[in-house]
file my_file-v4.cif (mmCIF, C-alpha atoms)
data_model
loop_
_atom_site.label_atom_id
_atom_site.label_comp_id
_atom_site.auth_asym_id
_atom_site.auth_seq_id
_atom_site.Cartn_x
_atom_site.Cartn_y
_atom_site.Cartn_z
CA MET A 1 52.86 57.88 103.86
CA ARG A 2 53.23 56.32 100.44
CA PHE A 3 51.50 57.65 97.33
CA ILE A 4 50.28 55.14 94.74
CA GLY A 5 49.47 56.24 91.21
CA LEU A 6 47.31 53.74 89.30
CA ASP A 7 46.66 54.06 85.56
CA ALA A 8 44.14 51.48 84.35
CA GLY A 9 43.80 51.70 80.59
CA SER A 10 42.08 49.73 77.87
CA VAL A 11 45.00 47.32 77.43
CA SER A 12 47.21 47.54 80.52
CA VAL A 13 47.36 48.55 84.17
CA LYS A 14 50.31 50.55 85.49
CA TYR A 15 51.24 51.70 88.96
CA VAL A 16 53.95 53.69 90.69
CA VAL A 17 54.72 54.09 94.38
CA LEU A 18 56.17 57.43 95.50
CA ASP A 19 57.53 58.59 98.83
CA GLU A 20 56.67 61.92 100.46
CA ASN A 21 59.27 63.67 98.30
CA GLY A 22 57.91 62.30 95.03
CA LYS A 23 60.72 59.80 94.56
CA LYS A 24 59.70 56.63 92.74
CA LEU A 25 60.11 53.55 94.91
CA ASN A 26 58.41 50.90 92.82
CA SER A 27 56.43 50.46 89.59
CA ASP A 28 54.97 47.87 87.26
CA TYR A 29 53.25 47.54 83.87
CA VAL A 30 50.93 44.58 83.16
CA ARG A 31 48.61 43.80 80.25
CA HIS A 32 45.25 42.97 81.79
CA LYS A 33 43.79 41.00 78.83
CA GLY A 34 40.29 42.29 79.43
CA HIS A 35 40.36 42.07 83.24
CA PRO A 36 41.52 45.50 84.48
CA LEU A 37 39.79 45.26 87.86
CA LYS A 38 41.33 41.92 88.76
CA VAL A 39 44.82 43.02 87.70
CA ALA A 40 44.47 46.32 89.56
CA PHE A 41 43.32 44.47 92.68
CA GLU A 42 46.30 42.10 92.57
CA MET A 43 48.65 45.05 92.08
CA LEU A 44 47.24 47.01 95.01
CA LYS A 45 47.24 43.93 97.21
CA SER A 46 50.87 43.29 96.33
CA VAL A 47 51.88 46.90 96.96
CA THR A 48 50.16 47.17 100.32
CA ARG A 49 51.45 43.78 101.43
CA ASP A 50 54.99 43.81 100.08
CA ALA A 51 55.65 47.55 100.36
CA LEU A 52 59.07 48.90 101.04
CA CYS A 53 60.02 48.87 104.69
CA VAL A 54 61.36 52.09 106.17
CA THR A 55 63.48 51.78 109.29
CA GLY A 56 65.65 54.02 111.41
CA ASN A 57 69.41 53.56 111.56
CA LYS A 58 71.82 54.56 114.29
CA ASN A 59 71.99 58.12 113.00
CA ASN A 60 68.19 58.40 113.07
CA GLU A 61 68.19 58.68 109.27
CA LEU A 62 65.55 56.96 107.17
CA LYS A 63 66.80 54.08 105.10
CA ILE A 64 64.72 52.27 102.49
CA GLN A 65 65.14 48.49 102.37
CA ASP A 66 63.55 45.95 100.07
CA ALA A 67 60.59 44.01 101.39
CA GLY A 68 61.71 40.78 103.00
CA TYR A 69 65.04 42.20 104.18
CA LYS A 70 65.69 41.91 107.90
CA ILE A 71 67.41 44.76 109.72
CA GLN A 72 68.68 44.52 113.25
CA ASP A 73 70.43 47.30 115.13
CA ASN A 74 70.07 49.22 118.37
CA HIS A 75 66.95 51.00 117.21
CA ALA A 76 64.70 48.78 115.12
CA SER A 77 63.97 45.39 113.70
CA CYS A 78 61.56 45.20 110.78
CA ILE A 79 60.63 42.04 108.88
CA MET A 80 58.19 42.00 105.95
CA HIS A 81 56.61 38.63 105.13
CA HIS A 82 55.71 38.19 101.46
CA ALA A 83 53.52 35.16 102.05
CA SER A 84 51.50 36.58 104.91
CA GLU A 85 48.17 38.06 103.85
CA ASP A 86 47.59 39.90 107.12
CA SER A 87 51.11 41.13 107.86
CA GLU A 88 51.18 44.77 108.90
CA LEU A 89 53.26 47.32 107.05
CA GLN A 90 55.05 49.25 109.74
CA THR A 91 57.77 51.75 110.34
CA PRO A 92 59.49 51.44 113.72
CA ASN A 93 56.89 53.60 115.46
CA SER A 94 53.86 53.90 113.16
CA LYS A 95 51.79 52.04 110.63
CA LEU A 96 52.62 52.78 107.00
CA SER A 97 49.62 54.23 105.16
CA PHE A 98 48.86 54.66 101.46
CA SER A 99 47.13 57.30 99.38
CA LEU A 100 45.76 56.12 96.04
CA SER A 101 45.42 58.27 92.91
CA ILE A 102 43.65 56.80 89.88
CA THR A 103 43.47 57.68 86.20
CA GLY A 104 42.76 55.91 82.91
CA SER A 105 39.69 54.75 81.01
CA ALA A 106 39.18 51.68 83.20
CA GLY A 107 40.31 53.60 86.26
CA ARG A 108 37.04 55.49 86.49
CA LEU A 109 35.18 52.34 87.55
CA ILE A 110 37.88 51.41 90.06
CA ALA A 111 37.78 54.92 91.50
CA SER A 112 33.99 54.76 91.78
CA VAL A 113 34.15 51.46 93.67
CA LEU A 114 36.78 52.79 96.08
CA GLY A 115 35.10 56.17 96.51
CA ILE A 116 38.01 58.15 95.04
CA GLU A 117 37.87 61.11 92.66
CA PRO A 118 39.83 60.07 89.53
CA VAL A 119 42.36 62.30 87.81
CA ASN A 120 41.62 63.14 84.18
CA GLU A 121 43.94 61.32 81.75
CA LEU A 122 44.95 64.49 79.90
CA VAL A 123 45.63 66.31 83.16
CA ALA A 124 47.73 63.41 84.48
CA GLN A 125 49.84 63.21 81.31
CA ALA A 126 50.36 66.97 81.17
CA TYR A 127 51.07 67.37 84.89
CA ALA A 128 53.77 64.70 85.02
CA THR A 129 55.39 66.00 81.84
CA ARG A 130 55.51 69.61 83.05
CA LYS A 131 56.93 68.49 86.38
CA LEU A 132 59.46 65.91 85.16
CA SER A 133 60.29 67.28 81.69
CA PRO A 134 59.59 71.03 81.81
CA HIS A 135 61.32 71.64 78.47
CA VAL A 136 58.62 69.70 76.55
CA ARG A 137 56.03 71.78 74.67
CA THR A 138 54.01 69.05 72.93
CA ILE A 139 52.98 65.52 73.95
CA ILE A 140 52.19 62.67 71.57
CA GLU A 141 50.60 59.89 73.58
CA LEU A 142 49.65 56.55 72.04
CA GLY A 143 47.98 53.95 74.21
CA GLY A 144 46.02 50.79 73.60
CA GLU A 145 42.93 52.43 72.14
CA ASP A 146 43.62 56.15 72.56
CA SER A 147 45.86 58.58 70.76
CA LYS A 148 46.29 62.07 72.17
CA LEU A 149 47.94 65.30 71.13
CA ILE A 150 48.53 67.65 74.08
CA MET A 151 49.98 71.11 73.61
CA LEU A 152 51.35 72.65 76.78
CA GLY A 153 51.26 76.26 77.86
CA GLU A 154 52.50 78.13 80.89
CA ASN A 155 49.51 77.10 83.01
CA GLY A 156 49.04 73.54 81.80
CA VAL A 157 47.13 72.18 78.81
CA LYS A 158 46.81 74.83 76.11
CA GLU A 159 45.12 72.66 73.49
CA PHE A 160 44.45 68.98 72.92
CA SER A 161 43.00 66.56 70.40
CA MET A 162 42.08 62.87 70.59
CA ASN A 163 41.13 60.08 68.23
CA SER A 164 37.55 59.03 67.58
CA VAL A 165 35.98 55.83 68.90
CA CYS A 166 37.83 53.83 66.22
CA ALA A 167 41.03 52.25 67.54
CA ALA A 168 42.82 52.41 64.17
CA GLY A 169 46.17 54.12 64.57
CA THR A 170 46.66 53.07 68.20
CA GLY A 171 48.53 50.35 70.06
CA SER A 172 45.73 47.82 69.55
CA PHE A 173 45.95 48.40 65.79
CA LEU A 174 49.65 47.51 65.81
CA ASP A 175 49.00 44.50 68.06
CA GLN A 176 46.39 43.18 65.62
CA GLN A 177 48.65 43.56 62.61
CA ALA A 178 51.59 41.97 64.44
CA GLU A 179 49.38 39.01 65.31
CA ARG A 180 48.32 38.65 61.68
CA LEU A 181 51.98 38.53 60.70
CA ARG A 182 52.65 36.04 63.52
CA LEU A 183 55.10 38.38 65.22
CA THR A 184 55.39 39.46 68.82
CA ILE A 185 55.23 43.21 69.30
CA GLU A 186 58.92 43.11 70.33
CA GLU A 187 59.86 41.36 67.07
CA PHE A 188 57.66 43.85 65.23
CA SER A 189 59.62 46.74 66.75
CA GLU A 190 63.07 45.38 65.91
CA LEU A 191 62.12 44.22 62.41
CA SER A 192 60.75 47.62 61.40
CA LEU A 193 64.19 49.23 61.78
CA LYS A 194 65.63 47.01 59.04
CA SER A 195 63.35 48.41 56.35
CA LYS A 196 64.83 50.71 53.71
CA ARG A 197 61.71 51.30 51.60
CA PRO A 198 58.52 51.23 53.71
CA PRO A 199 55.47 50.83 51.42
CA ARG A 200 52.35 52.92 51.80
CA ILE A 201 49.64 51.16 53.83
CA ALA A 202 46.20 52.46 54.79
CA GLY A 203 46.28 53.37 58.47
CA ARG A 204 42.81 54.77 59.08
CA CYS A 205 41.06 51.41 59.09
CA SER A 206 42.34 47.97 60.06
CA VAL A 207 40.21 46.39 57.30
CA PHE A 208 41.91 48.45 54.60
CA ALA A 209 45.28 47.85 56.25
CA LYS A 210 44.70 44.10 56.08
CA SER A 211 43.83 44.36 52.38
CA ASP A 212 47.03 46.29 51.70
CA MET A 213 49.08 43.79 53.72
CA ILE A 214 47.65 40.84 51.78
CA HIS A 215 48.47 42.55 48.49
CA LEU A 216 52.03 43.31 49.65
CA GLN A 217 52.52 39.70 50.72
CA GLN A 218 51.24 38.49 47.35
CA ILE A 219 53.88 40.52 45.53
CA ALA A 220 56.61 39.19 47.86
CA THR A 221 57.25 42.41 49.78
CA PRO A 222 59.85 41.80 52.53
CA MET A 223 58.37 41.43 56.00
CA GLU A 224 60.45 44.28 57.41
CA ASP A 225 59.02 46.64 54.79
CA ILE A 226 55.44 45.67 55.62
CA VAL A 227 56.07 46.18 59.33
CA ALA A 228 57.72 49.56 58.77
CA GLY A 229 54.88 50.54 56.45
CA LEU A 230 52.40 49.93 59.27
CA CYS A 231 54.40 52.19 61.59
CA PHE A 232 54.43 54.96 59.01
CA ALA A 233 50.70 54.44 58.45
CA VAL A 234 50.02 55.08 62.14
CA ALA A 235 52.22 58.20 62.13
CA ARG A 236 50.49 59.58 59.01
CA ASN A 237 47.08 58.80 60.50
CA PHE A 238 48.03 60.72 63.64
CA LYS A 239 49.17 63.70 61.58
CA GLY A 240 46.01 63.72 59.47
CA SER A 241 43.28 62.91 61.98
CA ILE A 242 44.73 64.20 65.28
CA LEU A 243 47.07 67.06 64.39
CA ARG A 244 44.75 68.31 61.60
CA GLY A 245 47.02 71.00 60.24
CA ARG A 246 47.95 72.52 63.59
CA LYS A 247 51.45 73.85 64.01
CA ILE A 248 53.32 71.55 66.34
CA GLU A 249 55.77 73.10 68.78
CA GLU A 250 59.01 71.39 69.74
CA PRO A 251 60.41 69.76 71.86
CA ILE A 252 57.98 66.86 71.51
CA SER A 253 57.62 64.02 74.00
CA PHE A 254 56.44 60.60 72.81
CA GLN A 255 54.61 58.78 75.63
CA GLY A 256 52.41 55.75 76.22
CA GLY A 257 53.07 52.06 75.73
CA VAL A 258 53.56 52.44 71.95
CA ALA A 259 56.66 54.56 72.63
CA ALA A 260 58.47 51.27 73.29
CA ASN A 261 58.16 50.54 69.55
CA LYS A 262 61.38 51.72 67.89
CA GLY A 263 59.70 51.66 64.49
CA MET A 264 57.13 54.19 65.69
CA ILE A 265 59.85 56.54 66.93
CA ARG A 266 61.48 56.37 63.50
CA ALA A 267 58.14 56.89 61.73
CA PHE A 268 57.16 59.95 63.79
CA ARG A 269 60.56 61.55 63.28
CA SER A 270 60.24 61.05 59.53
CA VAL A 271 56.57 62.05 59.11
CA PHE A 272 56.91 65.15 61.31
CA ASP A 273 60.40 65.93 59.98
CA LEU A 274 61.92 66.03 63.47
CA ASP A 275 65.59 66.12 64.33
CA GLU A 276 64.80 64.73 67.77
CA LEU A 277 61.84 63.04 69.44
CA PHE A 278 62.10 62.91 73.22
CA VAL A 279 61.04 59.65 74.89
CA PRO A 280 61.00 59.96 78.71
CA PRO A 281 62.49 57.13 80.80
CA ASP A 282 59.09 56.20 82.27
CA PHE A 283 57.17 56.72 79.01
CA ASN A 284 54.63 53.99 79.87
CA LEU A 285 54.07 55.21 83.46
CA ILE A 286 53.49 58.92 82.85
CA GLY A 287 49.75 58.72 83.55
CA ALA A 288 50.25 56.96 86.88
CA LEU A 289 53.02 59.38 87.84
CA GLY A 290 50.91 62.39 86.93
CA ALA A 291 47.93 61.21 88.97
CA ALA A 292 50.05 60.62 92.07
CA LEU A 293 52.07 63.83 91.74
CA LYS A 294 49.00 66.00 91.21
CA ASP A 295 47.19 64.66 94.26
CA MET A 296 50.38 65.07 96.30
CA ASP A 297 50.78 68.71 95.27
CA ASP A 298 47.07 69.35 95.88
CA ASN A 299 47.39 67.81 99.38
CA ARG A 300 44.74 65.22 98.54
CA ILE A 301 45.01 62.07 100.63
CA ASN A 302 42.88 59.23 99.23
CA LEU A 303 42.86 56.44 101.79
CA PHE A 304 41.17 53.30 100.51
CA ASP A 305 39.85 49.93 101.58
CA ILE A 306 41.03 47.30 99.11
CA LYS A 307 38.37 44.88 100.34
CA ARG A 308 35.70 47.02 98.67
CA LEU A 309 37.33 46.32 95.31
CA GLU A 310 37.64 42.63 96.13
CA ASP A 311 33.96 42.41 97.11
CA PHE A 312 32.93 44.21 93.93
CA ILE A 313 34.93 41.79 91.76
CA LYS A 314 33.40 38.81 93.57
CA SER A 315 29.91 40.23 93.08
CA GLU A 316 30.37 40.42 89.33
CA LYS A 317 28.72 37.63 87.38
CA PRO A 318 31.42 35.37 85.91
CA LEU A 319 31.35 35.03 82.15
CA GLU A 320 31.35 31.25 82.46
CA ALA A 321 28.02 31.34 84.32
CA GLY A 322 26.09 32.54 81.29
CA TYR A 323 22.31 32.72 81.45
CA LYS A 324 19.75 30.25 82.77
CA PRO A 325 18.77 27.64 80.17
CA LEU A 326 15.48 28.25 78.41
CA ILE A 327 14.54 24.61 79.03
CA SER A 328 15.33 22.82 82.29
CA GLU A 329 14.63 19.38 83.68
CA GLY A 330 11.08 18.94 84.90
CA ASP A 331 9.77 21.48 82.44
CA ASP A 332 6.86 20.21 80.31
CA PHE A 333 8.09 22.24 77.35
CA PHE A 334 8.44 19.25 75.04
CA GLU A 335 4.99 17.89 75.92
CA ARG A 336 3.44 21.28 75.34
CA HIS A 337 5.44 21.71 72.16
CA ILE A 338 4.36 18.31 70.77
CA LYS A 339 0.74 18.91 71.75
CA GLY A 340 0.81 22.34 70.16
CA SER A 341 2.34 20.90 66.99
CA GLU A 342 -0.40 18.27 66.76
CA GLU A 343 -3.09 20.92 67.17
CA LEU A 344 -1.47 23.02 64.47
CA SER A 345 -1.29 19.96 62.22
CA VAL A 346 -5.02 19.25 62.68
CA MET A 347 -5.86 22.88 62.00
CA SER A 348 -3.66 22.83 58.94
CA ASN A 349 -5.36 19.68 57.60
CA GLU A 350 -8.80 21.18 58.21
CA SER A 351 -7.70 24.31 56.38
CA LYS A 352 -6.47 22.22 53.44
CA ASP A 353 -9.81 20.36 53.32
CA ARG A 354 -11.71 23.65 53.24
CA ASP A 355 -9.48 24.93 50.47
CA ALA A 356 -10.02 21.75 48.44
CA LEU A 357 -13.81 21.97 48.94
CA CYS A 358 -13.81 25.58 47.76
CA VAL A 359 -11.89 24.59 44.63
CA MET A 360 -14.42 21.83 43.86
CA CYS A 361 -17.34 24.22 44.36
CA ASN A 362 -15.79 26.74 42.01
CA GLU A 363 -15.23 24.07 39.34
CA ILE A 364 -18.87 22.91 39.56
CA LYS A 365 -20.05 26.50 39.39
CA ASP A 366 -17.95 27.10 36.27
CA LYS A 367 -19.39 24.00 34.55
CA ASN A 368 -22.99 24.99 35.27
CA SER A 369 -22.41 28.48 33.97
#

call {"tool": "encode", "arguments": {"input": "my_file-v4.cif", "output": "structure tokens"}}
result
Amino acid sequence: MRFIGLDAGSVSVKYVVLDENGKKLNSDYVRHKGHPLKVAFEMLKSVTRDALCVTGNKNNELKIQDAGYKIQDNHASCIMHHASEDSELQTPNSKLSFSLSITGSAGRLIASVLGIEPVNELVAQAYATRKLSPHVRTIIELGGEDSKLIMLGENGVKEFSMNSVCAAGTGSFLDQQAERLRLTIEEFSELSLKSKRPPRIAGRCSVFAKSDMIHLQQIATPMEDIVAGLCFAVARNFKGSILRGRKIEEPISFQGGVAANKGMIRAFRSVFDLDELFVPPDFNLIGALGAALKDMDDNRINLFDIKRLEDFIKSEKPLEAGYKPLISEGDDFFERHIKGSEELSVMSNESKDRDALCVMCNEIKDKNS
């Protein structure tokens, strides 16, 4: 049995594959560019087709080999074919099966299509953190369009807070500003560390941030200072709108895709006056890990049929199709339109004649009086 954790968010899709002992065998992180279902489908198809092959060795011990690797000994021979769509995933004596756990904002739809109960995002983040990093007391999680503050207690989530519907102060906000500056997000991250005097930039609204950036560019502010100022703006926005005066308990774990941004790590440490900010090794996979680990510990096995997701995607109306044209060939719209226009023109002329006649009558009446 393999356990797949799938985290489909607003910007990216992540997955992890765990064995029965919770050991990570494989993982990936892909930006879906507005197509989370298609990316999730390709991921699941790849995992179930090119999964790791488990075979027995001469000592009857389990050995994990990469897909595509051929093993031959006295006990087993197992070959995985990457190109084959219908190749079976097998151990020497049984078919390898998968349990799927799903979380994330876009994951709810995927779970509904596959008939699986999704794991709440907050629960997934907290569960993985408590299991993998038990020393952590507070979680700062920044994703594509969500920012979360999760305070942990002995029994799980003690308190939490999230951003509003506005995506200002999240990963998408930083992506937008990086694009305006014609920087990749990787260049953005490295450049921010070079700043010595980050200016103050509005972080609660991307419109105000753009105005501040334009002003800073007009006065020849160095690019690294502008970039660092944006990072500090996000950190201050988190402190003001998410933390809201609460006392934050250390150690603090910084998670989510934005944790890859070195400038954000620096900004949070400065704004929150932290000596240390813990960033877990799989900071961008915590949600997927938490979903899989929780279902494993709860003994929930979610078998799934990937064809249901494929059929659902195919049934969706492609954006290119658009809507039926209002006017099609063979329609007498133009004839009716021209005829209607002529009738309106005649009526208009008759109305003008009546108006002119009324004016003449009034003039004659005035003269006689």

call {"tool": "atom_distance", "arguments": {"input": "my_file-v4.cif", "atom1": "atom CA of A:Ala168", "atom2": "atom CA of A:Asn237"}}
result
8.5 Å

call {"tool": "closest_residue", "arguments": {"input": "my_file-v4.cif", "among": "A:Leu100, A:Leu230, A:Ala292, A:Val136", "to": "A:Glu276", "atoms": "all atoms listed in the file"}}
result
A:Val136

call {"tool": "atom_distance", "arguments": {"input": "my_file-v4.cif", "atom1": "atom CA of A:Phe278", "atom2": "atom CA of A:Val17"}}
result
24.1 Å

call {"tool": "atom_distance", "arguments": {"input": "my_file-v4.cif", "atom1": "atom CA of A:Val227", "atom2": "atom CA of A:Leu183"}}
result
9.8 Å

call {"tool": "closest_residue", "arguments": {"input": "my_file-v4.cif", "among": "A:Lys194, A:Arg31, A:Lys324, A:Lys210", "to": "A:Arg266", "atoms": "only C-alpha atoms"}}
result
A:Lys194

call {"tool": "decode", "arguments": {"input": "my_file-v4.cif", "residues": "stretch 258-279 of chain A", "atoms": "N, CA and C atoms", "output": "CSV table (one decimal), in the first residue's frame"}}
result
chain,number,residue,atom,x,y,z
A,258,VAL,N,5.9,30.4,-0.2
A,258,VAL,CA,6.6,31.7,0.0
A,258,VAL,C,7.8,31.5,0.9
A,259,ALA,N,7.9,30.4,1.7
A,259,ALA,CA,9.1,30.2,2.5
A,259,ALA,C,10.3,30.0,1.8
A,260,ALA,N,10.2,29.8,0.4
A,260,ALA,CA,11.4,29.7,-0.4
A,260,ALA,C,12.1,31.0,-0.6
A,261,ASN,N,11.3,32.1,-0.4
A,261,ASN,CA,11.8,33.4,-0.6
A,261,ASN,C,12.7,33.9,0.6
A,262,LYS,N,14.0,34.0,0.4
A,262,LYS,CA,14.9,34.3,1.4
A,262,LYS,C,14.6,35.7,2.0
A,263,GLY,N,14.2,36.6,1.2
A,263,GLY,CA,13.8,38.0,1.6
A,263,GLY,C,12.7,38.0,2.6
A,264,MET,N,11.7,37.0,2.5
A,264,MET,CA,10.6,36.9,3.4
A,264,MET,C,11.1,36.4,4.7
A,265,ILE,N,12.0,35.5,4.7
A,265,ILE,CA,12.6,34.9,6.0
A,265,ILE,C,13.2,36.1,6.8
A,266,ARG,N,14.0,36.9,6.1
A,266,ARG,CA,14.7,38.0,6.7
A,266,ARG,C,13.7,39.0,7.2
A,267,ALA,N,12.6,39.3,6.4
A,267,ALA,CA,11.6,40.3,6.8
A,267,ALA,C,10.9,39.8,8.1
A,268,PHE,N,10.4,38.6,8.1
A,268,PHE,CA,9.7,38.1,9.3
A,268,PHE,C,10.6,38.1,10.5
A,269,ARG,N,11.8,37.7,10.4
A,269,ARG,CA,12.7,37.7,11.6
A,269,ARG,C,12.9,39.2,12.1
A,270,SER,N,12.9,40.1,11.2
A,270,SER,CA,13.1,41.5,11.6
A,270,SER,C,11.8,42.1,12.2
A,271,VAL,N,10.7,41.9,11.5
A,271,VAL,CA,9.4,42.5,12.0
A,271,VAL,C,8.9,41.8,13.3
A,272,PHE,N,9.1,40.5,13.4
A,272,PHE,CA,8.7,39.9,14.7
A,272,PHE,C,9.8,39.8,15.7
A,273,ASP,N,11.0,40.4,15.4
A,273,ASP,CA,12.1,40.4,16.3
A,273,ASP,C,12.5,39.0,16.8
A,274,LEU,N,12.8,38.1,15.8
A,274,LEU,CA,13.0,36.7,16.1
A,274,LEU,C,14.5,36.4,16.0
A,275,ASP,N,15.1,35.7,16.9
A,275,ASP,CA,16.4,35.2,16.8
A,275,ASP,C,16.5,34.1,15.7
A,276,GLU,N,15.5,33.3,15.7
A,276,GLU,CA,15.5,32.2,14.7
A,276,GLU,C,14.1,32.0,14.2
A,277,LEU,N,14.0,31.7,12.9
A,277,LEU,CA,12.7,31.3,12.3
A,277,LEU,C,12.9,30.0,11.6
A,278,PHE,N,12.2,28.9,12.1
A,278,PHE,CA,12.4,27.6,11.6
A,278,PHE,C,11.7,27.4,10.2
A,279,VAL,N,12.4,26.9,9.2
A,279,VAL,CA,11.9,26.6,7.9
A,279,VAL,C,12.1,25.1,7.7
